[in-house]
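Chemist: Below is the file start-v2.json, which contains JSON, C-alpha atoms.
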```json
[["chain", "number", "residue", "atom", "x", "y", "z"],
["A", 2, "MET", "CA", -66.27, -80.39, -12.94],
["A", 3, "SER", "CA", -68.36, -80.34, -16.12],
["A", 4, "GLY", "CA", -68.68, -77.46, -18.53],
["A", 5, "LEU", "CA", -66.43, -74.91, -20.17],
["A", 6, "VAL", "CA", -64.75, -72.26, -18.02],
["A", 7, "LEU", "CA", -62.85, -69.19, -19.20],
["A", 8, "ASP", "CA", -61.03, -67.50, -16.35],
["A", 9, "ASN", "CA", -59.74, -63.95, -16.95],
["A", 10, "VAL", "CA", -58.72, -64.68, -20.53],
["A", 11, "SER", "CA", -56.74, -61.93, -22.27],
["A", 12, "MET", "CA", -55.13, -61.92, -25.71],
["A", 13, "ARG", "CA", -52.44, -59.51, -26.86],
["A", 14, "PHE", "CA", -50.89, -59.52, -30.31],
["A", 15, "ASP", "CA", -47.42, -57.96, -30.48],
["A", 16, "LEU", "CA", -46.63, -56.13, -33.72],
["A", 17, "PRO", "CA", -43.27, -55.88, -35.56],
["A", 18, "ASN", "CA", -43.05, -52.12, -34.91],
["A", 19, "GLY", "CA", -43.05, -52.68, -31.16],
["A", 20, "SER", "CA", -46.68, -51.76, -30.58],
["A", 21, "PHE", "CA", -49.41, -54.26, -29.76],
["A", 22, "VAL", "CA", -53.12, -54.95, -30.14],
["A", 23, "GLN", "CA", -55.07, -55.93, -27.05],
["A", 24, "ALA", "CA", -57.74, -58.15, -28.64],
["A", 25, "LEU", "CA", -59.31, -59.47, -25.42],
["A", 26, "LEU", "CA", -59.17, -58.34, -21.81],
["A", 27, "ASP", "CA", -60.21, -60.33, -18.73],
["A", 28, "VAL", "CA", -63.00, -62.40, -20.29],
["A", 29, "SER", "CA", -64.55, -64.82, -17.81],
["A", 30, "LEU", "CA", -67.36, -67.23, -18.66],
["A", 31, "ASP", "CA", -68.81, -70.35, -17.05],
["A", 32, "ILE", "CA", -70.70, -72.27, -19.74],
["A", 33, "LYS", "CA", -72.70, -75.23, -18.51],
["A", 34, "THR", "CA", -72.88, -78.50, -20.44],
["A", 35, "GLY", "CA", -75.68, -78.32, -22.99],
["A", 36, "GLU", "CA", -75.92, -74.53, -23.13],
["A", 37, "LEU", "CA", -76.46, -72.75, -26.44],
["A", 38, "MET", "CA", -74.65, -69.42, -26.33],
["A", 39, "SER", "CA", -74.52, -66.79, -29.06],
["A", 40, "VAL", "CA", -71.90, -64.04, -29.15],
["A", 41, "LEU", "CA", -72.44, -60.62, -30.72],
["A", 42, "GLY", "CA", -70.41, -57.45, -30.93],
["A", 43, "PRO", "CA", -69.06, -54.80, -33.29],
["A", 44, "SER", "CA", -66.40, -55.70, -35.84],
["A", 45, "GLY", "CA", -62.99, -56.20, -34.29],
["A", 46, "CYS", "CA", -64.22, -56.86, -30.75],
["A", 47, "GLY", "CA", -62.43, -60.23, -30.55],
["A", 48, "LYS", "CA", -65.32, -62.67, -31.12],
["A", 49, "THR", "CA", -63.38, -64.96, -33.45],
["A", 50, "THR", "CA", -60.23, -64.64, -31.34],
["A", 51, "LEU", "CA", -62.23, -65.84, -28.35],
["A", 52, "LEU", "CA", -63.56, -68.81, -30.31],
["A", 53, "ASN", "CA", -60.06, -69.69, -31.56],
["A", 54, "ILE", "CA", -58.76, -69.70, -27.99],
["A", 55, "VAL", "CA", -61.52, -72.10, -26.91],
["A", 56, "ALA", "CA", -60.75, -74.26, -29.97],
["A", 57, "GLY", "CA", -57.09, -74.36, -28.93],
["A", 58, "PHE", "CA", -55.84, -72.66, -32.11],
["A", 59, "LEU", "CA", -54.50, -69.76, -30.03],
["A", 60, "ALA", "CA", -53.02, -69.72, -26.53],
["A", 61, "PRO", "CA", -54.18, -66.75, -24.43],
["A", 62, "THR", "CA", -51.50, -64.40, -23.18],
["A", 63, "GLU", "CA", -53.22, -64.43, -19.79],
["A", 64, "GLY", "CA", -55.89, -66.55, -18.14],
["A", 65, "THR", "CA", -56.98, -70.15, -18.56],
["A", 66, "VAL", "CA", -59.57, -72.24, -20.38],
["A", 67, "THR", "CA", -60.75, -75.56, -18.96],
["A", 68, "LEU", "CA", -63.24, -78.09, -20.31],
["A", 69, "ASN", "CA", -64.72, -80.61, -17.87],
["A", 70, "GLY", "CA", -61.95, -79.79, -15.43],
["A", 71, "HIS", "CA", -59.11, -80.30, -17.95],
["A", 72, "PRO", "CA", -56.99, -77.40, -19.26],
["A", 73, "VAL", "CA", -57.29, -76.54, -22.95],
["A", 74, "SER", "CA", -53.76, -76.40, -24.35],
["A", 75, "GLY", "CA", -54.38, -77.06, -28.04],
["A", 76, "PRO", "CA", -56.93, -78.45, -30.49],
["A", 77, "GLY", "CA", -58.80, -81.55, -29.36],
["A", 78, "GLN", "CA", -61.50, -83.91, -30.53],
["A", 79, "GLU", "CA", -63.77, -82.85, -27.67],
["A", 80, "ARG", "CA", -64.12, -79.44, -29.37],
["A", 81, "GLY", "CA", -65.52, -79.36, -32.91],
["A", 82, "MET", "CA", -65.40, -76.34, -35.21],
["A", 83, "VAL", "CA", -67.82, -75.28, -37.95],
["A", 84, "PHE", "CA", -66.49, -72.41, -40.06],
["A", 85, "GLN", "CA", -68.29, -69.81, -42.18],
["A", 86, "LYS", "CA", -67.36, -71.88, -45.19],
["A", 87, "GLY", "CA", -67.48, -75.60, -44.68],
["A", 88, "ALA", "CA", -63.70, -76.18, -45.10],
["A", 89, "LEU", "CA", -64.65, -79.49, -46.73],
["A", 90, "PHE", "CA", -62.40, -81.79, -48.72],
["A", 91, "GLU", "CA", -63.34, -81.13, -52.34],
["A", 92, "TRP", "CA", -61.78, -84.39, -53.57],
["A", 93, "MET", "CA", -64.01, -86.48, -51.29],
["A", 94, "ASP", "CA", -67.72, -87.14, -51.60],
["A", 95, "VAL", "CA", -70.24, -86.31, -48.88],
["A", 96, "ARG", "CA", -69.97, -89.60, -46.98],
["A", 97, "GLU", "CA", -66.16, -89.58, -47.13],
["A", 98, "ASN", "CA", -66.07, -86.05, -45.68],
["A", 99, "VAL", "CA", -68.27, -87.01, -42.74],
["A", 100, "SER", "CA", -66.34, -90.26, -42.22],
["A", 101, "PHE", "CA", -62.95, -88.56, -42.18],
["A", 102, "GLY", "CA", -62.72, -87.96, -38.41],
["A", 103, "PRO", "CA", -63.75, -91.46, -37.33],
["A", 104, "LYS", "CA", -61.33, -92.95, -39.87],
["A", 105, "MET", "CA", -58.47, -90.83, -38.51],
["A", 106, "ASN", "CA", -59.38, -92.10, -35.04],
["A", 107, "ARG", "CA", -59.24, -95.67, -36.37],
["A", 108, "VAL", "CA", -62.90, -96.33, -35.59],
["A", 109, "PRO", "CA", -63.87, -99.52, -37.50],
["A", 110, "LYS", "CA", -66.14, -98.97, -40.49],
["A", 111, "SER", "CA", -68.65, -101.37, -38.96],
["A", 112, "GLU", "CA", -69.04, -98.84, -36.13],
["A", 113, "HIS", "CA", -68.73, -95.48, -37.86],
["A", 114, "GLY", "CA", -70.53, -96.40, -41.08],
["A", 115, "PRO", "CA", -74.06, -96.63, -39.59],
["A", 116, "LYS", "CA", -73.45, -93.53, -37.47],
["A", 117, "VAL", "CA", -72.35, -91.50, -40.51],
["A", 118, "ASP", "CA", -75.38, -92.65, -42.48],
["A", 119, "HIS", "CA", -77.63, -91.70, -39.56],
["A", 120, "LEU", "CA", -76.08, -88.22, -39.30],
["A", 121, "LEU", "CA", -76.55, -87.64, -43.01],
["A", 122, "GLU", "CA", -80.21, -88.54, -42.64],
["A", 123, "VAL", "CA", -80.53, -86.20, -39.65],
["A", 124, "VAL", "CA", -79.14, -83.23, -41.62],
["A", 125, "GLY", "CA", -81.27, -84.07, -44.66],
["A", 126, "LEU", "CA", -78.54, -85.41, -46.94],
["A", 127, "GLY", "CA", -79.44, -89.09, -47.01],
["A", 128, "ASP", "CA", -79.97, -88.93, -50.78],
["A", 129, "PHE", "CA", -76.70, -87.10, -51.44],
["A", 130, "THR", "CA", -74.12, -89.35, -49.77],
["A", 131, "ASP", "CA", -72.17, -90.06, -52.94],
["A", 132, "LYS", "CA", -72.30, -86.54, -54.36],
["A", 133, "ALA", "CA", -69.17, -84.48, -54.86],
["A", 134, "ILE", "CA", -68.88, -81.38, -52.69],
["A", 135, "TYR", "CA", -68.89, -79.05, -55.70],
["A", 136, "GLU", "CA", -72.30, -80.43, -56.69],
["A", 137, "LEU", "CA", -73.90, -79.15, -53.48],
["A", 138, "SER", "CA", -75.38, -75.75, -52.70],
["A", 139, "GLY", "CA", -73.89, -73.59, -49.94],
["A", 140, "GLY", "CA", -76.57, -74.66, -47.48],
["A", 141, "MET", "CA", -76.01, -78.33, -48.23],
["A", 142, "GLN", "CA", -72.27, -77.91, -47.78],
["A", 143, "GLN", "CA", -72.87, -76.42, -44.33],
["A", 144, "ARG", "CA", -75.04, -79.44, -43.51],
["A", 145, "VAL", "CA", -72.09, -81.66, -44.42],
["A", 146, "ALA", "CA", -69.86, -79.55, -42.17],
["A", 147, "LEU", "CA", -72.30, -79.98, -39.27],
["A", 148, "ALA", "CA", -72.52, -83.73, -39.80],
["A", 149, "ARG", "CA", -68.72, -84.00, -40.03],
["A", 150, "CYS", "CA", -68.37, -82.12, -36.74],
["A", 151, "LEU", "CA", -70.94, -84.34, -35.01],
["A", 152, "ALA", "CA", -69.31, -87.52, -36.32],
["A", 153, "ASN", "CA", -66.35, -86.82, -34.01],
["A", 154, "GLU", "CA", -68.72, -86.72, -31.00],
["A", 155, "PRO", "CA", -67.39, -83.45, -29.55],
["A", 156, "ASP", "CA", -68.56, -82.14, -26.20],
["A", 157, "VAL", "CA", -68.54, -78.57, -27.50],
["A", 158, "ILE", "CA", -69.44, -77.30, -30.98],
["A", 159, "LEU", "CA", -67.86, -73.97, -31.94],
["A", 160, "MET", "CA", -69.53, -72.12, -34.82],
["A", 161, "ASP", "CA", -67.89, -69.09, -36.45],
["A", 162, "GLU", "CA", -70.49, -67.30, -38.61],
["A", 163, "PRO", "CA", -71.55, -70.68, -40.05],
["A", 164, "LEU", "CA", -74.67, -69.31, -41.76],
["A", 165, "GLY", "CA", -73.40, -65.88, -42.77],
["A", 166, "ALA", "CA", -72.89, -66.69, -46.47],
["A", 167, "LEU", "CA", -76.32, -68.25, -47.02],
["A", 168, "ASP", "CA", -79.39, -66.69, -48.58],
["A", 169, "ALA", "CA", -82.21, -65.68, -46.23],
["A", 170, "LEU", "CA", -84.45, -68.73, -46.77],
["A", 171, "THR", "CA", -81.61, -71.26, -46.52],
["A", 172, "ARG", "CA", -80.27, -69.47, -43.46],
["A", 173, "GLU", "CA", -83.62, -69.75, -41.70],
["A", 174, "LYS", "CA", -83.81, -73.48, -42.48],
["A", 175, "MET", "CA", -80.30, -73.98, -41.14],
["A", 176, "GLN", "CA", -81.15, -72.05, -37.98],
["A", 177, "GLY", "CA", -83.98, -74.49, -37.40],
["A", 178, "LEU", "CA", -81.59, -77.40, -37.96],
["A", 179, "VAL", "CA", -79.06, -76.03, -35.46],
["A", 180, "LEU", "CA", -81.80, -75.71, -32.85],
["A", 181, "ARG", "CA", -83.03, -79.24, -33.49],
["A", 182, "LEU", "CA", -79.51, -80.71, -33.25],
["A", 183, "TRP", "CA", -78.91, -78.78, -30.02],
["A", 184, "LYS", "CA", -82.00, -80.27, -28.42],
["A", 185, "GLU", "CA", -81.46, -83.79, -29.76],
["A", 186, "THR", "CA", -77.75, -84.08, -28.99],
["A", 187, "GLY", "CA", -77.45, -82.04, -25.78],
["A", 188, "LYS", "CA", -74.20, -80.56, -27.05],
["A", 189, "THR", "CA", -72.77, -77.31, -25.78],
["A", 190, "ILE", "CA", -72.79, -74.83, -28.67],
["A", 191, "ILE", "CA", -71.08, -71.44, -28.95],
["A", 192, "LEU", "CA", -72.17, -69.46, -32.00],
["A", 193, "ILE", "CA", -70.45, -66.32, -33.30],
["A", 194, "THR", "CA", -72.70, -64.17, -35.47],
["A", 195, "HIS", "CA", -73.07, -60.58, -36.72],
["A", 196, "SER", "CA", -76.86, -60.96, -36.97],
["A", 197, "VAL", "CA", -78.80, -59.72, -33.96],
["A", 198, "GLU", "CA", -81.88, -61.66, -35.08],
["A", 199, "GLU", "CA", -79.87, -64.88, -35.36],
["A", 200, "ALA", "CA", -78.23, -64.35, -31.98],
["A", 201, "LEU", "CA", -81.67, -63.91, -30.38],
["A", 202, "LEU", "CA", -83.08, -67.03, -32.04],
["A", 203, "LEU", "CA", -80.09, -69.28, -31.42],
["A", 204, "GLY", "CA", -78.93, -68.12, -28.01],
["A", 205, "GLU", "CA", -80.60, -69.18, -24.79],
["A", 206, "ARG", "CA", -77.67, -67.22, -23.47],
["A", 207, "LEU", "CA", -76.46, -64.18, -25.43],
["A", 208, "ILE", "CA", -73.21, -62.30, -24.86],
["A", 209, "VAL", "CA", -72.64, -58.79, -26.24],
["A", 210, "MET", "CA", -68.96, -57.90, -26.45],
["A", 211, "ALA", "CA", -67.54, -54.39, -26.19],
["A", 212, "PRO", "CA", -65.11, -52.86, -28.71],
["A", 213, "ARG", "CA", -61.41, -53.57, -28.48],
["A", 214, "PRO", "CA", -60.11, -54.58, -26.10],
["A", 215, "GLY", "CA", -62.84, -57.22, -26.33],
["A", 216, "ARG", "CA", -64.67, -57.84, -23.09],
["A", 217, "ILE", "CA", -68.17, -58.79, -21.99],
["A", 218, "HIS", "CA", -70.45, -55.75, -22.11],
["A", 219, "LYS", "CA", -73.80, -57.35, -21.35],
["A", 220, "GLU", "CA", -75.32, -60.80, -20.97],
["A", 221, "TYR", "CA", -78.89, -61.94, -21.62],
["A", 222, "ARG", "CA", -80.80, -65.09, -20.67],
["A", 223, "LEU", "CA", -83.46, -65.58, -23.33],
["A", 224, "PRO", "CA", -86.43, -67.91, -23.95],
["A", 225, "PHE", "CA", -86.44, -67.72, -27.75],
["A", 226, "ALA", "CA", -84.15, -70.68, -28.51],
["A", 227, "ASP", "CA", -86.40, -73.05, -26.55],
["A", 228, "MET", "CA", -89.49, -71.45, -28.07],
["A", 229, "SER", "CA", -88.04, -71.81, -31.59],
["A", 230, "VAL", "CA", -87.38, -75.57, -31.54],
["A", 231, "GLY", "CA", -89.81, -77.07, -34.03],
["A", 232, "ALA", "CA", -91.65, -73.75, -34.38],
["A", 233, "ASP", "CA", -92.06, -71.27, -37.22],
["A", 234, "LEU", "CA", -89.11, -68.93, -36.66],
["A", 235, "ARG", "CA", -90.96, -66.07, -38.32],
["A", 236, "GLU", "CA", -93.65, -66.34, -35.66],
["A", 237, "ILE", "CA", -91.05, -66.10, -32.91],
["A", 238, "LYS", "CA", -89.76, -62.87, -34.48],
["A", 239, "HIS", "CA", -93.19, -61.29, -33.92],
["A", 240, "HIS", "CA", -93.04, -61.93, -30.17],
["A", 241, "PRO", "CA", -93.13, -58.53, -28.42],
["A", 242, "ASP", "CA", -90.23, -59.38, -26.07],
["A", 243, "TYR", "CA", -88.15, -60.47, -29.05],
["A", 244, "ASN", "CA", -88.61, -57.12, -30.76],
["A", 245, "VAL", "CA", -87.90, -55.12, -27.62],
["A", 246, "THR", "CA", -84.66, -57.02, -26.99],
["A", 247, "ARG", "CA", -83.64, -56.77, -30.64],
["A", 248, "GLU", "CA", -84.00, -52.99, -30.65],
["A", 249, "GLU", "CA", -82.11, -52.69, -27.37],
["A", 250, "ILE", "CA", -79.17, -54.71, -28.71],
["A", 251, "LEU", "CA", -79.19, -52.99, -32.11],
["A", 252, "ASN", "CA", -78.95, -49.60, -30.41],
["A", 253, "MET", "CA", -76.22, -50.90, -28.12],
["A", 254, "ILE", "CA", -74.07, -52.13, -31.00],
["A", 255, "TRP", "CA", -74.83, -49.01, -33.07],
["A", 256, "ASP", "CA", -73.49, -46.85, -30.23],
["A", 257, "MET", "CA", -70.37, -49.02, -30.05],
["A", 258, "GLU", "CA", -69.78, -48.67, -33.80],
["A", 259, "GLU", "CA", -70.20, -44.88, -33.49],
["A", 260, "GLU", "CA", -67.61, -44.90, -30.70],
["A", 261, "ILE", "CA", -65.19, -46.87, -32.88],
["A", 262, "MET", "CA", -65.69, -44.46, -35.79],
["A", 263, "GLY", "CA", -65.09, -41.53, -33.47],
["A", 264, "ARG", "CA", -61.81, -43.04, -32.29],
["A", 265, "THR", "CA", -60.71, -43.62, -35.89],
["A", 266, "GLU", "CA", -61.48, -40.04, -36.94],
["A", 267, "ALA", "CA", -59.70, -38.65, -33.88],
["A", 268, "ALA", "CA", -56.61, -40.75, -34.68],
["A", 269, "GLU", "CA", -56.54, -39.35, -38.22]]
```
Output the file's structure as structure tokens, nothing else.
Modeler:
Amino acid sequence: MSGLVLDNVSMRFDLPNGSFVQALLDVSLDIKTGELMSVLGPSGCGKTTLLNIVAGFLAPTEGTVTLNGHPVSGPGQERGMVFQKGALFEWMDVRENVSFGPKMNRVPKSEHGPKVDHLLEVVGLGDFTDKAIYELSGGMQQRVALARCLANEPDVILMDEPLGALDALTREKMQGLVLRLWKETGKTIILITHSVEEALLLGERLIVMAPRPGRIHKEYRLPFADMSVGADLREIKHHPDYNVTREEILNMIWDMEEEIMGRTEAAE
């Protein structure tokens, strides 16, 4: 069986005072190989918790996660993670960062060297291979993080707000790069974002999560990711269906945030 399957996944965090937080409740997803899925929701709805469970950093209190028919019981090379900040090794240069995974897996340099150089060309860093990380802009550092993830040849790429700290122009360029890599590599990608516009552009499948306990509120199948590959993203944003869906989701999340605020005020 190929693909990523979450079956009734729940996550409960027990607190020292005897109470608990139910972060996720009965989340089920069947993500086909090669799908690009974006995940939206109000703050605290469990988006990052869900991603950490798929990554194997957390074990769910209930339910199971399987990838290609095998249970996920911890971190694994077949699942790569790209964080909001690149989590790069500052003492290594660009090429050394991207080469780190293959080296740890004892892949001979004769094999991984050309692949690393190719990936750096693909992400537009072919002229920066020997630069120190601190010499790079935020966008360039995220390109390194993407290349480093791809160098390990994961089946699934997990992205936790990877573009959230970038300026608007750099973010748009990186969105185009993510779309191009998705099409060229055929990887399964799950992207967590707080931006409705980004979720619409980068999700052929879009999940909106409800407030805590986190659960799937609504799912969309969208054409904009395919339309955006190699296109001017600003043109896609003028598509009438794009704007209608954006307003629908914005209102949906706004209502959820209002509900959360109401709960907080009532508790006080």
Chemist: May I have the residues within 7 Å of Leu167 (chain A) as a VMD selection string, using only C-alpha atoms and disregarding those fewer than 5 positions away in the same chain?
Modeler: chain A and resid 139 to 140 172
Chemist: Measure the distance from CA of Leu52 (chain A) to CA of Val209 (chain A) in Å and round it to one decimal.
Modeler: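 Value for the CA of Leu52 (chain A)-CA of Val209 (chain A) distance: 14.1 Å.
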Chemist: Would you tabulate, counting only C-alpha atoms, all residues of region 140-220 of chain A that have an atom at most 12 Å from an atom of region 39-49 of chain A, showing the closest pair of atoms and their distance in Å to one decimal, sorted by chain then ascending number, as CSV?
Modeler:
```
residue,atom,partner,partner_atom,distance
A:Ile158,CA,A:Ser39,CA,11.8
A:Leu159,CA,A:Thr49,CA,10.2
A:Met160,CA,A:Ser39,CA,9.3
A:Asp161,CA,A:Thr49,CA,6.8
A:Glu162,CA,A:Thr49,CA,9.1
A:Pro163,CA,A:Thr49,CA,12.0
A:Thr189,CA,A:Ser39,CA,11.2
A:Ile190,CA,A:Ser39,CA,8.2
A:Ile191,CA,A:Ser39,CA,5.8
A:Leu192,CA,A:Ser39,CA,4.6
A:Ile193,CA,A:Val40,CA,5.0
A:Thr194,CA,A:Leu41,CA,5.9
A:His195,CA,A:Leu41,CA,6.0
A:Ser196,CA,A:Leu41,CA,7.7
A:Val197,CA,A:Leu41,CA,7.2
A:Glu198,CA,A:Leu41,CA,10.5
A:Glu199,CA,A:Ser39,CA,8.5
A:Ala200,CA,A:Ser39,CA,5.3
A:Leu201,CA,A:Ser39,CA,7.8
A:Leu202,CA,A:Ser39,CA,9.1
A:Leu203,CA,A:Ser39,CA,6.5
A:Gly204,CA,A:Ser39,CA,4.7
A:Glu205,CA,A:Ser39,CA,7.8
A:Arg206,CA,A:Ser39,CA,6.4
A:Leu207,CA,A:Ser39,CA,4.9
A:Ile208,CA,A:Val40,CA,4.8
A:Val209,CA,A:Leu41,CA,4.8
A:Met210,CA,A:Gly42,CA,4.7
A:Ala211,CA,A:Cys46,CA,6.2
A:Pro212,CA,A:Cys46,CA,4.6
A:Arg213,CA,A:Cys46,CA,4.9
A:Pro214,CA,A:Cys46,CA,6.6
A:Gly215,CA,A:Cys46,CA,4.6
A:Arg216,CA,A:Cys46,CA,7.7
A:Ile217,CA,A:Gly42,CA,9.3
A:His218,CA,A:Gly42,CA,9.0
A:Lys219,CA,A:Leu41,CA,10.0
A:Glu220,CA,A:Val40,CA,9.4
```
Chemist: Please identify all polymer residues within 12 Å of Tyr243 (chain A), counting only C-alpha atoms, omitting same-chain residues fewer than 2 positions from it, and present them as a short mmCIF file (atom, residue, chain, number, x, y, z; two decimals) with C-alpha atoms, in the frame of the given file.
Modeler:
```cif
data_model
loop_
_atom_site.label_atom_id
_atom_site.label_comp_id
_atom_site.auth_asym_id
_atom_site.auth_seq_id
_atom_site.Cartn_x
_atom_site.Cartn_y
_atom_site.Cartn_z
CA VAL A 197 -78.80 -59.72 -33.96
CA GLU A 198 -81.88 -61.66 -35.08
CA GLU A 199 -79.87 -64.88 -35.36
CA ALA A 200 -78.23 -64.35 -31.98
CA LEU A 201 -81.67 -63.91 -30.38
CA LEU A 202 -83.08 -67.03 -32.04
CA TYR A 221 -78.89 -61.94 -21.62
CA LEU A 223 -83.46 -65.58 -23.33
CA PRO A 224 -86.43 -67.91 -23.95
CA PHE A 225 -86.44 -67.72 -27.75
CA ALA A 226 -84.15 -70.68 -28.51
CA MET A 228 -89.49 -71.45 -28.07
CA SER A 229 -88.04 -71.81 -31.59
CA LEU A 234 -89.11 -68.93 -36.66
CA ARG A 235 -90.96 -66.07 -38.32
CA GLU A 236 -93.65 -66.34 -35.66
CA ILE A 237 -91.05 -66.10 -32.91
CA LYS A 238 -89.76 -62.87 -34.48
CA HIS A 239 -93.19 -61.29 -33.92
CA HIS A 240 -93.04 -61.93 -30.17
CA PRO A 241 -93.13 -58.53 -28.42
CA VAL A 245 -87.90 -55.12 -27.62
CA THR A 246 -84.66 -57.02 -26.99
CA ARG A 247 -83.64 -56.77 -30.64
CA GLU A 248 -84.00 -52.99 -30.65
CA GLU A 249 -82.11 -52.69 -27.37
CA ILE A 250 -79.17 -54.71 -28.71
#
```
Chemist: Tell me, in Å to one decimal, how far CA of Val73 (chain A) is from CA of Ile54 (chain A).
Modeler: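 If I compute the distance from CA of Val73 (chain A) to CA of Ile54 (chain A), I get 8.6 Å.
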Chemist: So, counting all atoms listed in the file, which residue among A:Leu251, A:Met105, A:Leu121, A:Val22 is closest to Leu151 (chain A)?
Modeler: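 Between A:Leu251, A:Met105, A:Leu121, A:Val22, the residue approaching Leu151 (chain A) most closely is A:Leu121.
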Chemist: Here is a test: counting all atoms listed in the file, which residue of A:Val83, A:Ala152, A:Ala56, A:Leu137 is nearest to Lys104 (chain A)?
Modeler: A:Ala152
Chemist: Could you check the closest approach to Leu25 (chain A) for each of A:Glu63, A:Leu126, A:Thr171, A:Leu5 and tell me which residue wins, using only C-alpha atoms?
Modeler: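 Closest to Leu25 (chain A), using only C-alpha atoms: A:Glu63.
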Chemist: Using only C-alpha atoms, find the one residue out of A:Ser74, A:Thr130, A:Gln142, A:Thr50 that sits nearest to Phe90 (chain A).
Modeler: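 Using only C-alpha atoms, the shortest distance to Phe90 (chain A) belongs to A:Gln142.
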Chemist: Identify, on the basis of all atoms listed in the file, every residue whose closest approach to Leu68 (chain A) does not exceed 9 Å; exclude the query and any residue fewer than 5 positions from it along the same chain; express the result as a compact mmCIF listing (two decimals) with C-alpha atoms, keeping the file's coordinate frame.
Modeler:
```txt
# COMPACT_ATOMS: atom_id res chain seq x y z
CA MET A 2 -66.27 -80.39 -12.94
CA SER A 3 -68.36 -80.34 -16.12
CA GLY A 4 -68.68 -77.46 -18.53
CA LEU A 5 -66.43 -74.91 -20.17
CA VAL A 6 -64.75 -72.26 -18.02
CA LEU A 7 -62.85 -69.19 -19.20
CA VAL A 73 -57.29 -76.54 -22.95
CA GLU A 79 -63.77 -82.85 -27.67
CA ASP A 156 -68.56 -82.14 -26.20
CA VAL A 157 -68.54 -78.57 -27.50
```
Chemist: Give the answer as one residue: which of A:Asn18, A:Thr62, A:Asn69, A:Ser100 has the shortest atom-to-atom distance to Thr34 (chain A), using only C-alpha atoms?
Modeler: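 Smallest distance to Thr34 (chain A) is found for A:Asn69.
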Chemist: Enclose region 61-79 of chain A, meaning all of its atoms listed in the file, in a box aligned along x, y and z, pad it by 4 Å on each side, and list the centre and edge lengths in Å to one decimal, as JSON.
Modeler:
```
{"center_x": -58.1, "center_y": -74.2, "center_z": -23.0, "size_x": 21.2, "size_y": 27.5, "size_z": 23.1}
```
Chemist: I'd like to know which of A:Glu36, A:Asp27, A:Asp242, A:Glu154 is closest to Asn106 (chain A), using only C-alpha atoms.
Modeler: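 Checking each candidate against Asn106 (chain A), we get A:Glu154 as the closest.
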Chemist: Quick check, in Å to one decimal: how far apart do CA of Met93 (chain A) and CA of Tyr135 (chain A) lie?
Modeler: 9.9 Å
Chemist: Could you list, as a ChimeraX atom specification, every residue within 8 Å of Pro155 (chain A), counting only C-alpha atoms and ignoring same-chain residues fewer than 4 positions away?
Modeler: /A:78-81,150-151,188
Chemist: Can those selected residues be exported to a file as a PDB file, in the coordinates of the input so that it contains C-alpha atoms?
Modeler:
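Just written: selection03.pdb:
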```pdb
ATOM      1  CA  GLN A  78     -61.500 -83.910 -30.530  1.00  0.00           C
ATOM      2  CA  GLU A  79     -63.770 -82.850 -27.670  1.00  0.00           C
ATOM      3  CA  ARG A  80     -64.120 -79.440 -29.370  1.00  0.00           C
ATOM      4  CA  GLY A  81     -65.520 -79.360 -32.910  1.00  0.00           C
ATOM      5  CA  CYS A 150     -68.370 -82.120 -36.740  1.00  0.00           C
ATOM      6  CA  LEU A 151     -70.940 -84.340 -35.010  1.00  0.00           C
ATOM      7  CA  LYS A 188     -74.200 -80.560 -27.050  1.00  0.00           C
TER       8      LYS A 188
END
```
Chemist: For Val230 (chain A), list every protein, DNA or RNA residue within 8 Å, evaluated using all atoms listed in the file, and leave out those in the same chain fewer than 6 positions away; present the list as a ChimeraX atom specification.
Modeler: /A:177,180-181,184
Chemist: Output C-alpha atoms for every residue in that selection, as a PDB file, keeping the file's coordinate frame.
Modeler:
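Output file result-v6.pdb follows:
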```pdb
ATOM      1  CA  GLY A 177     -83.980 -74.490 -37.400  1.00  0.00           C
ATOM      2  CA  LEU A 180     -81.800 -75.710 -32.850  1.00  0.00           C
ATOM      3  CA  ARG A 181     -83.030 -79.240 -33.490  1.00  0.00           C
ATOM      4  CA  LYS A 184     -82.000 -80.270 -28.420  1.00  0.00           C
TER       5      LYS A 184
END
```
